[in-house]
Amino acid sequence: MSHLNKMNMQRLLYILIATVMLTACDHNLDLKPVDKLSPENAFNTEKDLQLYANSFYLDLPDGNDIVRGDDLSDYLVGRTPSTYIYGSFGATQATGWSWGALRKVNYFLEHATQAKITAEAMNHYLGLARFFRAWFYFDKIKRFGDVPWYNKALDVNDPELFKPRDPRTLVMDSVLADLDFACANLRSVKDKDASTVTRWVALAFKSRVCLFEGTFRKYQTQLGLGATADKWLDESIKAADDLIKSNQYKLLTTGAADKNYRDLFTLEVPNTTEVLLAAVNSKSLRVFNDANWYWTSATYGGRFSFIKKFINTYLKTDGTPFTAQAGYNNIPFNEEVKDRDLRLKQSIRMGNYTRDGAIAPPDFTYTYSGYMPIKLTVDSKATDGVAENFNSLPIIRYAEVLLNFAEAKAERGTFTPADWDATIALLRKRAGITNTPYPVTADTYLQQNYYPDITNPVLLEIRRERGVELSLEGFRYDDLKRWRAGKLLENQYDGMYVPALNTLIDLNEDGKMDVSFVESIPATKVPGVYYFLIDNVQYKLSGGTSGNLILFSNLQRKYEDYKYFYPIPYNEIILNSNLEQNPGWAN
Amino acid sequence: MCLRHVLGLLLLILPSALFGQTQRTVRGLVTNDKGEQLIGVNIRVKGTSSGTVTGTNGQYQLTVSGNDAILVFSFVGFAEAETPVGERSTINMQLKSSARNLDDIVVVGYGTQKKVNLTGAVDQVGGEVFENRPLTNVTRGLQGVIPNLNIRMTDGKPTRGAEYNVRGTTSIGAGGSALILIDGVPGDPNLVNPNDIASVTVLKDAAAAAIYGARGTFGVILITTKSPAKDKTVVNYSGNFSLNERTIKPKMVTNGYQWAKTFDDAFASWNDYTSHAQKVNSVFPFSLDYLDELKRRNDDPSLPKTDINPATGDYVYYGNTDWLKELYADNNPSMEHNLSVSGSSKNVGYYLSGRYMSQQGIFRYNPDNFKTYNLRARGSVQAFPWLKIENDLSFTQSNYFYPILNHPGNTPVWRRISDEAFPIAMLRNPDGTLTENASIVFGSFISGNNQSELSRMQIRNTSRFTAGLFKNRIHLNGDFTFWRLNDVEKRIYTPVPYSKKPGAMLERGESKLNEDDDKTNYLAANLYADYEQTIGKHYFKGMVGYNYENSKLTSRYIQRDGIINNELPDFSLTNGLNFTLRGGGNEWRTIGGFFRLNYVFDERYLLEVNGRYDGTSKFPQHQQWGFFPSASAGWRVSKEKFWTLPYKVFSDLKLRASYGTLGNGNVNPYQFLESMGVSQAARIINGIRPDYTQHPNVIPAGLTWEKATTLNLGADMVFLDDRLTTTFDWYTRKTKDMFTEGLPLPGVFGASEPKGNYADLDTKGWELSIGWRNKPQGRNAFSYDLRFVLSDNQSTITRYNNPLGLINTYYAGMKVGDIWGFVTEGYYKDQHEIDTRGIDQSFVRVSALNKPLPGDIKFADLNGDGKIDEGAGSLSNPGDRRVIGNTSPRYTYGFNSNMEWKGLFLSLFLQGVGKRDFWPGTDNSLIWGPYNRPYSWQPEDVISNMWSEQNPDAYFPRLRGYTALNSRAELTVPQTKYLQNVAYIRLKNLSLGYNLPARLISRAGMSNMRIYLSGQNLWVWSPMYKHIKTMDPEVIEGADPELASGAGNGMSYPMLKTYTFGINVTFK
């Protein structure tokens, strides 16, 4: 090869190298994510805001949350009492001090205004965000009492991270301002899917929040806020009234009298005649709850059942209290459930209740007291052992709004017989109660067993109604808090009446024996009968050899006044020395 | 006249001018041990700079002064020889081939180096480590062969790769494993044909790895593939056939009645003996009546094992089912075929190879199936005398079919068997349909169409050139690589049919299809030049280069419910409303400029300086670039004049030291940007599950490089005429500014604290390798070599944001891997002791009502407060816990021995870990049996070793179900007694073979033919086996990671034992 050729080839090589380095290699090191949005491009159109706002809904309770909503309540007995009232519970066990949902809302409020959209649309989305901020703070205030108020997404160096708690009044006034903004600006088209927050949902929620705050201030007198209670009750009345007057919703009464109530909980598609907002479940989209597994397993759920003291509050169909009759505690199960408020047969297994076409009496495999809940479960057994229930569960329904309205008015002293007819009487009529007069005498059973300080007969009946109508929907502990009735959590756990030991009992009058309460398991057993061992430790009978089941009286439960406020988690107190623990809780 | 000649002349003249001794000429012939002339042998006068080399006929001529001179003969591949000149004027020398010859050239970053000149911590093994072993991938073959190349094979799945760790914990922040390069370009070792590998080199310290900058922070593995054979054509075929079986076959109770009694006891004992189970886990009905009936049928085996419940019409089972026997095939075959053709002529060389490997899986029904195909074509052309162009193309296709369960959460089959496959249950009903329990466990294997189909495909091409420029003084190298990797996993789920009563079929599970498709396009270019010059005793080498890499990943995930026809699982044939379509991906780019300078003085003093200026797209703009230098030095003590030890005793001693700092660029891309992902909500809004986005992560302020600084001290020693070689290295590596959690902020912050450069780590360790080689020539001689490697490392956290001193996370002073736990004191002897012990142990639960009984565990009250608890969980108040062990493997070792005699060869490879603790963890039913869940497996080792009044010294306490599952239960809390010692020793490979004599095979045109039998993993022992032998000591890290790694330790694909017959034929 000639020298010239070699030189040419080498030049060619250099040129090649230079070309490769200049073209094939992109020297820009500022690469951006290809599959993520950034704050600059995520808040420009209404669609952008909708995309972000969808995330707010993740903080609403889902089906499983609702199923577990009443785990801590006075009317359920389960396998083990909540650790909050049994055993040792302190700041190191405390949870719930999570603030991600608030950052989400505040970040949105700080950025949404960069979108170039109509004022109506902008206000709708701001209203949506503020609704969820109110939802967030309502939850926190119920749990912890005073909490710090923030209306911005905090920076790492913000000194406000370490501020003390703000007074309840400041926080709740801010919540009210948020709710008022939401009610004024959210779109008012009724959601036929019960899955989004509209003006109507905001009004209903406002009636709930304000009733809570008004009664809480009224009865939790140690706060010294009693004088401000009326303002909140008035706000509750106003919000409920706006919603009632809008005629957007009414009670579901179009189906069979003994089905209307339970249909609100057991169907896949929420019935938006009554339901404003639901945790929507769906078989085809595979969004499920675990109600059946939770309530029909000896080990998976809490194995909860109602106690008799609560079942006693269900009226008879003629409108008279069940407890008005003598010896109301000594009536066998099959008898006592007859001629009762139709909500009873839609809440527990009794009578001709069937599953997959077969008669299904209360099953002591899963119940302790005999009053085995069915309100949130479906009758098919297909999902008994798997978290695949697809019945949608209400978060807000119209019946609650009626109850809020009635109670706020009654507390305010402005409740009239006409109000009664427009609220409580409607609920009772739907429940098949034929006689629903305006109450004039205080029910002594309720007074003696539940609310000794209440003398107003109407208020007592409203509280009865609220307990029965909203049972298992997660309202109970909040109600006990605002009524200052937490002591009820120490209720003796009682169950159905047992006429005699070692006797076979037919609970649903189908001719087949279902259970026998025994002191020792007999050698020969009748097939299909559950032998319930009365060991006189965990399980007793009130009269020794007969009487009401007395359950777990060996487990000491304690509810003291300081428990109305949940402890702040121990680590938070350490991290922020300005944060004071709720009184009564040791660090 | 050029400068070089002047200098050379000066150096030649100087000594005689200074000492003025009499000059005379010595000449002679240098040959090898067969008497053949050796060309190019280096001859020098010891202690001087004068010397020469032998010419084309092996002759040399040299001027020496005086009779005291000593000549030193050295030549690559031969042992150094010395002889005094004395009166002689003709000195012929026969050189013996050196045992060290294979190691003489070591691959280093962007080049090769003579081993004697190495100053960094570098270790290299040849392709022989992969020989005579059937290997599903390269990673499995590298375990244990190089000290402190730490590879943990956590199960026996054929697709199992592993992280390549060099020298212990790297970073608890960004993490980082070793950079793996295949012929100089990053790649996936598991996609390389093990038969194509010529050598594997590990660059361990900063100085050796510095040339790779931020990507080589935690070591570099250089895999070099085979080059074309020289001047001839070589055809090689190797093939092997194997049978595989499990290394450990746990013995479980399979008698139904015995099992059910223990189950009932375990259930009742947790419930304080107040109640009995109504079901065995989720669906199998149970009662004491059933137990009685089971006993009757057990006592009278003539009674049927299946019956019908008259009340419900459902089947009732009284089985004695050995579910593991049903799950696993007795053994599973595998095979491998490899063919390569290689050769070269004057200007052209080529290497072509192809491999097929398949392994049938371990399951009896619908077994897994692994297949891999490798193809490599490599060619080189000497285009001009100064320019060589090479191209290397490889293609790999790897498929894995794996049956899965149709169960939410993709539970691995072992977990489900442990939870739902009871001996009393049965696989099939009398009519042949599956039972309900079978449908829950591996019914999906039997019904089929429930599987994962994995496909990995790579195409990779590297083009490179080498040019000798400026009269071949400068070598310019360039390469350009294109690599495309496509990983696709398709999963098919179809409902499993089963029956609970005659004539009625039911189904369980979902019907859905999903596919995960990841495509990576990778480009890399390197350009580097070196210059080498020797001036007398001074040797210089300089290298400078440039590197560019760009990688882009594109992902796609699709899922849809409702397969219309189970036999046709295609997305066109699905009609479910529930579907997902997701994209995604990322891109990163690095650019680097680097240099290396070597200087050697008189073969005695070695110095190397490296540096790299690195830029990466993973950091914000002002932090993108970093410069990382390092330096190393060596001293060949045995070359000093004062070194008088005879070569036959102490042949060589070299001391090395290196120091350097490298940045760690392993962080995930885009960590410094506020980004908002879009996901599908789990909630239904307006009839669909809509997408949503939300507030971005809070970004770290001033994110910068993590830095690792390594100090390495090493010594290489050679004894006994090169037969015994030892290398020892000690190092400390400080990883600073690790990318970890910021100081904890109050919860009101509402987001995770942004990470930052907040933590430091200190890793110390050492490694030792000792080799012995005795390789006499000739077929009939007995030759053997041994190699033992041992290494250790330990890491301590020196800075971490943990102001509360919590012990459930890192804290300054913590040794990485520490296990905190209680101290087991023994069992309660009797009720009296329980009543009078006076220590409140209620924190640890023994039963639902937490009432201790004799045989329950007593814990030591370490802090003497009369109470057993966890205190505040902090260093200042850990309750009654202390550090009871450490999970890091220590003293990992390997021992390799090869022997050859008259064509017979025997090789043996042992590998193991010297020290390691393991807490079995919850849901480890292999160790806990019914203590985990009452209905779990019942290993015979456990059942025979449970506390009872007759057996008060048993290893396990009173049988209590759920105590190894529920929180704070007596076997859930880590504690001294049940901490397992999982040190182990494993016979990784034992091969026996025969190389047929040449006279037999040459007629068939073969130059070499070998047949062998070999066994992998034939034997394993661990101190854990003193109590229980149900786990392989390596299969302890979680459950099957492709399915659900949290499903319990050991719930993974078993480690396999392999018996192989192989053949290897070479034609030349």
# chains A, B, ... in the order shown; residues from 1 in each chain; ligands from 1
>>> interface_residues(of="chain A", to="chain B", cutoff="6 Å", atoms="only C-alpha atoms", output="VMD selection string")
chain A and resid 29 to 30 35 to 38 51 to 52 54 to 55 99 to 100 103 to 104 154 193 195 280 284 to 285 572 575
>>> select_by_dssp(residues="region 187-412 of chain A", states="alpha helix (DSSP H)", output="PDB file with C-alpha atoms, in the first residue's frame")
ATOM      1  CA  ARG A 199     -73.521  21.172  45.883  1.00  0.00           C
ATOM      2  CA  TRP A 200     -76.072  18.731  47.372  1.00  0.00           C
ATOM      3  CA  VAL A 201     -73.375  16.530  48.831  1.00  0.00           C
ATOM      4  CA  ALA A 202     -71.717  19.590  50.316  1.00  0.00           C
ATOM      5  CA  LEU A 203     -74.962  20.723  51.911  1.00  0.00           C
ATOM      6  CA  ALA A 204     -75.602  17.307  53.409  1.00  0.00           C
ATOM      7  CA  PHE A 205     -72.061  17.120  54.716  1.00  0.00           C
ATOM      8  CA  LYS A 206     -72.340  20.613  56.144  1.00  0.00           C
ATOM      9  CA  SER A 207     -75.453  19.576  58.064  1.00  0.00           C
ATOM     10  CA  ARG A 208     -73.462  16.682  59.508  1.00  0.00           C
ATOM     11  CA  VAL A 209     -70.427  18.756  60.464  1.00  0.00           C
ATOM     12  CA  CYS A 210     -72.413  21.567  62.003  1.00  0.00           C
ATOM     13  CA  LEU A 211     -74.665  19.238  63.978  1.00  0.00           C
ATOM     14  CA  PHE A 212     -71.565  17.545  65.316  1.00  0.00           C
ATOM     15  CA  GLU A 213     -69.924  20.788  66.266  1.00  0.00           C
ATOM     16  CA  GLY A 214     -73.061  22.311  67.772  1.00  0.00           C
ATOM     17  CA  THR A 215     -73.899  19.347  69.968  1.00  0.00           C
ATOM     18  CA  PHE A 216     -70.260  18.714  70.835  1.00  0.00           C
ATOM     19  CA  ARG A 217     -69.894  22.244  72.133  1.00  0.00           C
ATOM     20  CA  LYS A 218     -73.188  21.980  73.929  1.00  0.00           C
ATOM     21  CA  TYR A 219     -72.571  18.722  75.777  1.00  0.00           C
ATOM     22  CA  ALA A 229     -73.332  25.939  70.036  1.00  0.00           C
ATOM     23  CA  ASP A 230     -76.478  27.537  68.661  1.00  0.00           C
ATOM     24  CA  LYS A 231     -74.683  29.159  65.777  1.00  0.00           C
ATOM     25  CA  TRP A 232     -73.561  25.745  64.602  1.00  0.00           C
ATOM     26  CA  LEU A 233     -76.967  24.181  65.074  1.00  0.00           C
ATOM     27  CA  ASP A 234     -78.462  26.964  63.003  1.00  0.00           C
ATOM     28  CA  GLU A 235     -75.923  26.333  60.245  1.00  0.00           C
ATOM     29  CA  SER A 236     -76.807  22.664  60.324  1.00  0.00           C
ATOM     30  CA  ILE A 237     -80.511  23.402  60.099  1.00  0.00           C
ATOM     31  CA  LYS A 238     -79.952  25.826  57.247  1.00  0.00           C
ATOM     32  CA  ALA A 239     -77.892  23.412  55.214  1.00  0.00           C
ATOM     33  CA  ALA A 240     -80.303  20.520  55.748  1.00  0.00           C
ATOM     34  CA  ASP A 241     -83.242  22.756  55.005  1.00  0.00           C
ATOM     35  CA  ASP A 242     -81.688  23.922  51.707  1.00  0.00           C
ATOM     36  CA  LEU A 243     -81.224  20.331  50.659  1.00  0.00           C
ATOM     37  CA  ILE A 244     -84.695  19.205  51.775  1.00  0.00           C
ATOM     38  CA  LYS A 245     -86.312  22.136  49.996  1.00  0.00           C
ATOM     39  CA  SER A 246     -84.416  21.386  46.793  1.00  0.00           C
ATOM     40  CA  ASN A 260     -86.481  -0.638  50.834  1.00  0.00           C
ATOM     41  CA  TYR A 261     -84.108  -0.023  53.710  1.00  0.00           C
ATOM     42  CA  ARG A 262     -81.681  -2.866  53.068  1.00  0.00           C
ATOM     43  CA  ASP A 263     -81.688  -2.304  49.315  1.00  0.00           C
ATOM     44  CA  LEU A 264     -79.723   0.852  50.017  1.00  0.00           C
ATOM     45  CA  PHE A 265     -76.802  -1.334  51.112  1.00  0.00           C
ATOM     46  CA  THR A 266     -76.965  -4.577  49.205  1.00  0.00           C
ATOM     47  CA  ALA A 291     -68.627  -7.283  54.041  1.00  0.00           C
ATOM     48  CA  ASN A 292     -69.586 -10.937  53.697  1.00  0.00           C
ATOM     49  CA  TRP A 293     -66.203 -12.258  54.709  1.00  0.00           C
ATOM     50  CA  TYR A 294     -66.049  -9.764  57.564  1.00  0.00           C
ATOM     51  CA  TRP A 295     -69.406 -10.734  59.036  1.00  0.00           C
ATOM     52  CA  LYS A 308     -79.718  -6.960  73.257  1.00  0.00           C
ATOM     53  CA  LYS A 309     -79.724  -3.599  74.992  1.00  0.00           C
ATOM     54  CA  PHE A 310     -79.602  -1.968  71.581  1.00  0.00           C
ATOM     55  CA  ILE A 311     -82.007  -4.380  69.863  1.00  0.00           C
ATOM     56  CA  PHE A 333     -85.611 -14.822  70.305  1.00  0.00           C
ATOM     57  CA  ASN A 334     -88.199 -16.243  67.930  1.00  0.00           C
ATOM     58  CA  GLU A 335     -90.888 -14.307  69.750  1.00  0.00           C
ATOM     59  CA  GLU A 336     -89.187 -11.019  70.424  1.00  0.00           C
ATOM     60  CA  LEU A 342     -89.108  -3.594  59.749  1.00  0.00           C
ATOM     61  CA  ARG A 343     -85.540  -2.349  59.931  1.00  0.00           C
ATOM     62  CA  LEU A 344     -84.832  -5.111  62.441  1.00  0.00           C
ATOM     63  CA  LYS A 345     -85.417  -7.909  59.945  1.00  0.00           C
ATOM     64  CA  TYR A 398     -80.851  11.484  52.662  1.00  0.00           C
ATOM     65  CA  ALA A 399     -82.150   9.750  55.806  1.00  0.00           C
ATOM     66  CA  GLU A 400     -79.169  11.137  57.697  1.00  0.00           C
ATOM     67  CA  VAL A 401     -79.978  14.644  56.516  1.00  0.00           C
ATOM     68  CA  LEU A 402     -83.498  14.276  57.922  1.00  0.00           C
ATOM     69  CA  LEU A 403     -82.049  13.063  61.210  1.00  0.00           C
ATOM     70  CA  ASN A 404     -79.532  15.914  61.285  1.00  0.00           C
ATOM     71  CA  PHE A 405     -82.265  18.412  60.619  1.00  0.00           C
ATOM     72  CA  ALA A 406     -84.541  16.992  63.285  1.00  0.00           C
ATOM     73  CA  GLU A 407     -81.861  16.766  65.932  1.00  0.00           C
ATOM     74  CA  ALA A 408     -80.465  20.223  65.313  1.00  0.00           C
ATOM     75  CA  LYS A 409     -83.911  21.721  65.520  1.00  0.00           C
ATOM     76  CA  ALA A 410     -84.745  19.769  68.634  1.00  0.00           C
ATOM     77  CA  GLU A 411     -81.508  20.870  70.282  1.00  0.00           C
ATOM     78  CA  ARG A 412     -82.258  24.405  69.215  1.00  0.00           C
TER      79      ARG A 412
END
>>> residues_around(residues="Asp314 (chain B)", least_positions_apart="6", cutoff="10 Å", atoms="only C-alpha atoms", output="PDB file with C-alpha atoms, in the first residue's frame")
ATOM      1  CA  ASP B 307     -67.593 -39.802  51.623  1.00  0.00           C
ATOM      2  CA  ILE B 308     -70.680 -37.656  51.193  1.00  0.00           C
ATOM      3  CA  SER B 499     -66.289 -29.677  42.544  1.00  0.00           C
ATOM      4  CA  LYS B 500     -67.667 -29.899  46.083  1.00  0.00           C
ATOM      5  CA  LYS B 501     -70.459 -32.354  45.440  1.00  0.00           C
ATOM      6  CA  PRO B 502     -71.021 -34.965  42.774  1.00  0.00           C
ATOM      7  CA  ALA B 504     -71.851 -29.874  40.372  1.00  0.00           C
TER       8      ALA B 504
END
>>> atom_distance(atom1="CA of Arg460 (chain B)", atom2="CA of Tyr528 (chain B)")
21.2 Å
>>> residues_around(residues="Gly432 (chain A)", least_positions_apart="5", cutoff="7 Å", atoms="only C-alpha atoms", output="list in words")
Ala257, Thr317, Asp341 and Leu342 of chain A
>>> write_last_selection(atoms="all heavy atoms", output="short mmCIF file (atom, residue, chain, number, x, y, z; two decimals), in the first residue's frame")
data_model
loop_
_atom_site.label_atom_id
_atom_site.label_comp_id
_atom_site.auth_asym_id
_atom_site.auth_seq_id
_atom_site.Cartn_x
_atom_site.Cartn_y
_atom_site.Cartn_z
N ALA A 257 -91.96 -3.01 51.35
CA ALA A 257 -91.76 -2.34 52.63
C ALA A 257 -90.64 -2.98 53.44
O ALA A 257 -89.92 -2.29 54.16
CB ALA A 257 -93.07 -2.37 53.43
N THR A 317 -94.18 -2.63 65.64
CA THR A 317 -94.80 -2.06 64.43
C THR A 317 -95.93 -1.10 64.76
O THR A 317 -96.25 -0.21 63.97
CB THR A 317 -95.37 -3.18 63.53
OG1 THR A 317 -95.40 -4.40 64.25
CG2 THR A 317 -94.57 -3.33 62.28
N ASP A 341 -90.32 -3.03 64.21
CA ASP A 341 -89.80 -2.12 63.21
C ASP A 341 -89.15 -2.95 62.08
O ASP A 341 -88.29 -3.80 62.35
CB ASP A 341 -88.73 -1.26 63.93
CG ASP A 341 -88.08 -0.21 63.03
OD1 ASP A 341 -87.98 -0.44 61.82
OD2 ASP A 341 -87.68 0.84 63.59
N LEU A 342 -89.59 -2.73 60.83
CA LEU A 342 -89.11 -3.59 59.75
C LEU A 342 -87.61 -3.48 59.50
O LEU A 342 -87.03 -4.27 58.78
CB LEU A 342 -89.88 -3.28 58.46
CG LEU A 342 -91.31 -3.77 58.42
CD1 LEU A 342 -91.99 -3.32 57.14
CD2 LEU A 342 -91.38 -5.29 58.55
#
>>> closest_residue(among="A:Asp453, A:Asp70, A:Glu519, A:Glu46", to="Ile117 (chain A)", atoms="only C-alpha atoms")
A:Glu46
>>> atom_distance(atom1="CA of Ala631 (chain B)", atom2="CA of Leu607 (chain B)")
7.6 Å
>>> closest_residue(among="B:Arg484, B:Gly771, B:Ile70, B:Tyr110", to="Ala529 (chain B)", atoms="only C-alpha atoms")
B:Tyr110
>>> residues_around(residues="Gln143 (chain B)", least_positions_apart="5", cutoff="9 Å", atoms="only C-alpha atoms", output="PyMOL selection string")
chain B and resi 149-153+894+911
>>> atom_distance(atom1="CA of Asn195 (chain B)", atom2="CA of Leu142 (chain B)")
13.1 Å
>>> residues_around(residues="Asp62 (chain A)", least_positions_apart="2", cutoff="6 Å", atoms="only C-alpha atoms", output="number ranges by chain")
A: 64-65, 279
>>> closest_residue(among="B:Ser936, B:Ser632, B:Asn850, B:Asn190", to="Gly87 (chain A)", atoms="only C-alpha atoms")
B:Asn850
